[in-house]
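Undergrad: Here it is, the structure, as structure tokens.
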Number of protein chains: 2
Amino acid sequence: MTLTQDALVERLSAIVGADKVRIDADSLETFGKDWTKVFEPRPSAIVFPKTTEQVQQIVLLANECGLALVPSGGRTGLSAGAVAANGEVVVSFDYMNQISDFNALDRTVRCGAGVVTEQLQMYAEEQGLFYPVDFASAGSSQIGGNISTNAGGIKVIRYGMTRDWVAGLTVVTGKGDILRLNKDLLKNNTGYDLRQLFIGGEGTLGFVTEATMRLERPPKNLTVLVLGVPEFDAIMSVMHKFQSGLDLTAFEFFSDKALAKVLARGEVPAPFETPSEYYALLEFEAETEGHLDTAMALFEACMEEGWVLDGVISQSETQAANLWRLREDISETISHWTPYKNDLSVVVSKVPAFLKEIEDVVVREYPDFEIIWFGHIGDGNLHLNILKPDALAKEEFFARCGKVSKWVFEITEKYDGSVSAEHGVGMTKKPYLSYSRSEAELAYMRAVKLAFDPNNVMNPGKVLDV
Amino acid sequence: MTLTQDALVERLSAIVGADKVRIDADSLETFGKDWTKVFEPRPSAIVFPKTTEQVQQIVLLANECGLALVPSGGRTGLSAGAVAANGEVVVSFDYMNQISDFNALDRTVRCGAGVVTEQLQMYAEEQGLFYPVDFASAGSSQIGGNISTNAGGIKVIRYGMTRDWVAGLTVVTGKGDILRLNKDLLKNNTGYDLRQLFIGGEGTLGFVTEATMRLERPPKNLTVLVLGVPEFDAIMSVMHKFQSGLDLTAFEFFSDKALAKVLARGEVPAPFETPSEYYALLEFEAETEGHLDTAMALFEACMEEGWVLDGVISQSETQAANLWRLREDISETISHWTPYKNDLSVVVSKVPAFLKEIEDVVVREYPDFEIIWFGHIGDGNLHLNILKPDALAKEEFFARCGKVSKWVFEITEKYDGSVSAEHGVGMTKKPYLSYSRSEAELAYMRAVKLAFDPNNVMNPGKVLDV
């Protein structure tokens, strides 16, 4: 059974009210896409439920009428996981944005799927607590999307991924069941932890409608070090050295090329004058003078070893924020060059050899391509960015990047790495999933998908084909 | 097809060698049971594979011949998850106990499923690192069993459960596939994280044969406080107060009745003279004098509020160990009274009301029963122990405890709690699973089970019936 657009709007309106269904061109365009610009958005309608029960009714309608549903959060995804390119109904969580039931003793708070990450961070701060998952798109990404993509970011080395902060989860499965998973418990060994399947499931098993998130005590006197490092291998030595003496809250890296692009905008000053090929950014809690002394001693030891050429330590929150901008402004700065992006990971100890092998291949095959590396190196997570030469047409550039992808993913497979460390699979990484997951694993993933969504109504065509 | 015992031994011997199959009465008795003593062990054979491939062959044989397999680690389980009471073949991991591939930068190490928890703890210590999951049975429990039951213990408040320390997992599924899950990566968002299903899966989807475990920096100058608390509600206030100023590595509690039993053995001294109805045991890293000063200030604030009557702080590792014994010796001490045990959890803030409601019911209905409470209260995890009155026959006691169970689990359900916080489901909690998981959840759990183990050869009859 297929519905005409009029009938579709009527059925959806009966569930959420006529003012919560949109089919105007602007809405279809806006809510049909995420930050990837690979696929043309083409949804058939946008629906804005306000309750879990309304989501359930929409899913039941989808099963009845063979609709395909795409979940829509802040649409900041980078793998086209929330793109509606095939006439799907987009389910936006914008109206499910309530924060409630804060409990100071449990350090938990309940969030509608549509709560914006920054909204939760600010709420936590008002309670004297801290929500530690943070990344560039925190101002518009939503908790439901964070959970569905198991969002990572810049504090993973200390605080883990979104997975680690989900105490409880309300989902509507593809069969239309409402599950309240884990009941917000810290310990609950009562069989399979189904919550874990929906975290990172990209909406293909069901939609997250509500979550209880854990909060943490705020960090104390966060202090940032930026170090100039002459060789890539030395970055790993620096990391090992600092981890032996301090609990790091971040360990990031970027190349001199990345830094040059950021500095050229003239918004933040250079960290120091000595040029270096690579830079490491470390953050730690300087709870006492002793921690600062330890940091200085470690810095000096690294200088003596020749691993570090120069460095700077933040003396205030403003300085710390400016040092962070050297790293955090990269992504936006290079967006001007239509970068070809990959989000790769290997175990930390393999990072230097892995990075070198990829760079060698790209440089050999495409000497005119500029490569910008940065990433969460403390987690083994590298963002590979290849910039489009100005002279090259966009189509030609993307065609040649297709060949780069194949090389990059073959090397990733050889190093037992991940073709998507934190961005998820969506549509853009789906063709490459077998570089990271075995055929047997993919078969079990399909079986799991069928168990929760037998009619393939939940975000079909994302992650895997069934 | 069913095999005679001779044929069974022959087929198993062809896989692992004749010296790795046992059918003598002693072995059947020993390897057929865990620490629960509810079911009579009755396995048909014990097989000792040495490799993942041998486990695979055993699983394929089980599928071919309709065998039922029970995994056997240290057999320290408390829910009969590793009991073979129905002619099953027991697969012991005793010979898969190698530790290898330690990497200092990644802070990971590979363990065969049969590595004993304490063996891993000691190995980590030799490398200057720390494996933080710890509990009373660490001397004989095995890593494969820890993973399959998502073991918790005394450090969960700081370090989480076993789940949080599994970087990668090799499993043999019920269909006989070998899966190498997550490749030891810190970040890997490539679809459903199947690893999470096997953690806490109690061997019902497949058997864990190997795991890469994460290690942590060792804690610094662990310091223990034992506090006497007059009222249960005050324990929560004490916890909240201390968490506002220190990062706790443990927060345990026990009742005066529990303490009296331990002290009566004469092996450890009383913590202080002032009697209290309840006791809290806190542990934290006293990295600097400042942390000790903070602890003293918090203690004094709690005294002023009347939440604490007296207290003691450890001045040495020996004193810390002795204070820990007040809590850790409880379980063994009360085993003399054939305790009826339950392992419950609710969210931390609900603990006082939950505990009171259970106690009220039991005291009202069975005034002759002595109740011993202790547990990991920082995680909302309470161990309820009811001691058998000397005059009561064992059968009569257990029959009356059956009624207690029903009340306890009804209250647990009312408080949105777990009927098994850390001990797992196995056979003893299976009848009560629906107090913690909805019918819809159980249906999805069965569907997941069928996807991985369609012939129900992996630990059948445990967790759920299919």
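The chains in the structure tokens are called A, B, ... from first to last as shown; in each chain the residues are counted from 1, and the ligands are counted from 1 in the order shown.
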Excluding same-chain residues fewer than 6 positions from Leu67 (chain A), what lies within 8 Å of it counting only C-alpha atoms, as a PDB file with N, CA and C atoms, in the first residue's frame?
TA:
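The resulting file, out.pdb, is reproduced below:
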ATOM      1  N   THR A   2       0.656   2.107  -0.979  1.00  0.00           N
ATOM      2  CA  THR A   2       1.346   3.401  -0.939  1.00  0.00           C
ATOM      3  C   THR A   2       0.316   4.505  -0.824  1.00  0.00           C
ATOM      4  N   LEU A  61       2.230   3.306  11.629  1.00  0.00           N
ATOM      5  CA  LEU A  61       1.732   3.738  10.312  1.00  0.00           C
ATOM      6  C   LEU A  61       2.715   3.346   9.206  1.00  0.00           C
ATOM      7  N   GLU A  88      11.492   9.519   1.779  1.00  0.00           N
ATOM      8  CA  GLU A  88      11.153   9.093   3.140  1.00  0.00           C
ATOM      9  C   GLU A  88      10.375  10.168   3.902  1.00  0.00           C
ATOM     10  N   VAL A  89       9.727   9.741   4.971  1.00  0.00           N
ATOM     11  CA  VAL A  89       9.153  10.675   5.941  1.00  0.00           C
ATOM     12  C   VAL A  89      10.226  10.948   6.993  1.00  0.00           C
ATOM     13  N   VAL A 457      11.574  -0.354   7.929  1.00  0.00           N
ATOM     14  CA  VAL A 457      11.005   0.999   7.848  1.00  0.00           C
ATOM     15  C   VAL A 457      11.892   2.049   8.526  1.00  0.00           C
TER      16      VAL A 457
END
Undergrad: When the cut-off is 6 Å and we count only C-alpha atoms, which residues of chain A are near chain B, given as a list of chain:residue names?
TA: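 On the chain A side, the interface is A:Leu105, A:Asp106, A:Leu185, A:Leu186, A:Lys187, A:Asn188, A:Asn189, A:Thr190, A:Gly191, A:Tyr192, A:Leu197, A:Gly201, A:Val347, A:Val348, A:Ser349, A:Asp379, A:Ser418, A:Ser420, A:Ala421, A:Glu422, A:Gly424, A:Val425, A:Ala447, A:Ala451.
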Undergrad: Would you mind telling me which residue in A:Asp94, A:Glu53, A:Glu210, A:Glu29 lies nearest to Gly112 (chain A) when using only C-alpha atoms?
TA: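 So, comparing all the options, the nearest one is A:Glu210.
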Undergrad: Mind giving me the straight-line distance from CA of Val116 (chain B) to CA of Pro219 (chain B) in Å, one decimal?
TA: 21.4 Å
Undergrad: Quick one: everything within 6 Å of Gly87 (chain B), counting only C-alpha atoms, minus sequence neighbours fewer than 5 positions away in the same chain. Send it as a list in words.
TA: Arg42, Pro43 and Ser44 of chain B
Undergrad: Output N, CA, C and O atoms for every residue in the selection just made, as an mmCIF file, in the first residue's frame.
TA:
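Contents of selection_26.cif, as written:
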data_model
loop_
_atom_site.group_PDB
_atom_site.id
_atom_site.type_symbol
_atom_site.label_atom_id
_atom_site.label_comp_id
_atom_site.auth_asym_id
_atom_site.auth_seq_id
_atom_site.Cartn_x
_atom_site.Cartn_y
_atom_site.Cartn_z
ATOM 1 N N ARG B 42 25.340 -32.768 36.505
ATOM 2 C CA ARG B 42 25.173 -34.026 35.766
ATOM 3 C C ARG B 42 25.607 -33.832 34.304
ATOM 4 O O ARG B 42 24.816 -34.039 33.393
ATOM 5 N N PRO B 43 26.849 -33.428 34.069
ATOM 6 C CA PRO B 43 27.325 -33.308 32.685
ATOM 7 C C PRO B 43 27.638 -34.669 32.092
ATOM 8 O O PRO B 43 27.793 -35.651 32.829
ATOM 9 N N SER B 44 27.733 -34.730 30.772
ATOM 10 C CA SER B 44 28.073 -36.013 30.136
ATOM 11 C C SER B 44 29.566 -36.123 29.864
ATOM 12 O O SER B 44 30.092 -37.230 29.768
#
Undergrad: What does the structure give for the distance between CA of Phe39 (chain A) and CA of Gly174 (chain A), in Å to one decimal?
TA: 24.4 Å
Undergrad: Quick one: everything within 7 Å of Asp134 (chain B), counting only C-alpha atoms, minus sequence neighbours fewer than 6 positions away in the same chain. Send it as a PyMOL selection string.
TA: chain B and resi 153-155
Undergrad: Using DSSP secondary structure from the backbone, list all alpha helix (DSSP H) positions within region 119-324 of chain B, as an MDAnalysis selection string.
TA: chainID B and resid 119:126 143:148 156:159 195:198 232:245 256:264 289:305 317:324
Undergrad: Return the single residue from A:Gly73, A:Phe102, A:Asn63, A:Tyr95 that is closest to Ala138 (chain A), with distances computed using only C-alpha atoms.
TA: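 Ranking A:Gly73, A:Phe102, A:Asn63, A:Tyr95 by distance to Ala138 (chain A), first place goes to A:Gly73.
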Undergrad: So that I can see what lies close to region 329-336 of chain A, please list as a count of residues only the residues with an atom at most 7 Å from it, counting only C-alpha atoms and leaving out residues fewer than 3 positions away in the same chain.
TA: 6
Undergrad: Mind checking which residues fall within 12 Å of Val59 (chain B), counting only C-alpha atoms, ignoring those fewer than 4 positions away in the same chain, and posting them as a PyMOL selection string?
TA: chain B and resi 11-12+15+47+49+52-55+63-71+89-91+171-178+205-207+453+455-459
Undergrad: Which residue is closest to Gly77 (chain A)? Choose from A:Gly203, A:Gly145, A:Gly311, A:Gly266 and count only C-alpha atoms.
TA: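 Under the stated criterion, the closest residue is A:Gly145.
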Undergrad: Pick out the residues sitting within 10 Å of Pro230 (chain B), and hand them over as a PyMOL selection string; count only C-alpha atoms, and ignore anything fewer than 3 positions along from it in its own chain.
TA: chain B and resi 227+233-235+275-279+306-310
Undergrad: Next, dump the selected residues to file, keeping only C-alpha atoms, as a compact mmCIF listing (two decimals), in the first residue's frame.
TA:
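Contents of result.txt, as written:
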# COMPACT_ATOMS: atom_id res chain seq x y z
CA LEU B 227 32.47 5.73 59.32
CA ASP B 233 19.34 7.91 55.22
CA ALA B 234 22.49 9.56 56.54
CA ILE B 235 24.64 7.15 54.50
CA PRO B 275 28.63 1.45 68.18
CA SER B 276 26.58 2.37 65.10
CA GLU B 277 23.71 0.77 63.29
CA TYR B 278 25.38 1.19 59.90
CA TYR B 279 28.89 1.61 58.56
CA GLY B 306 25.04 14.24 62.99
CA TRP B 307 25.34 11.92 59.98
CA VAL B 308 28.43 10.26 61.41
CA LEU B 309 29.11 9.16 65.01
CA ASP B 310 32.75 8.13 64.70
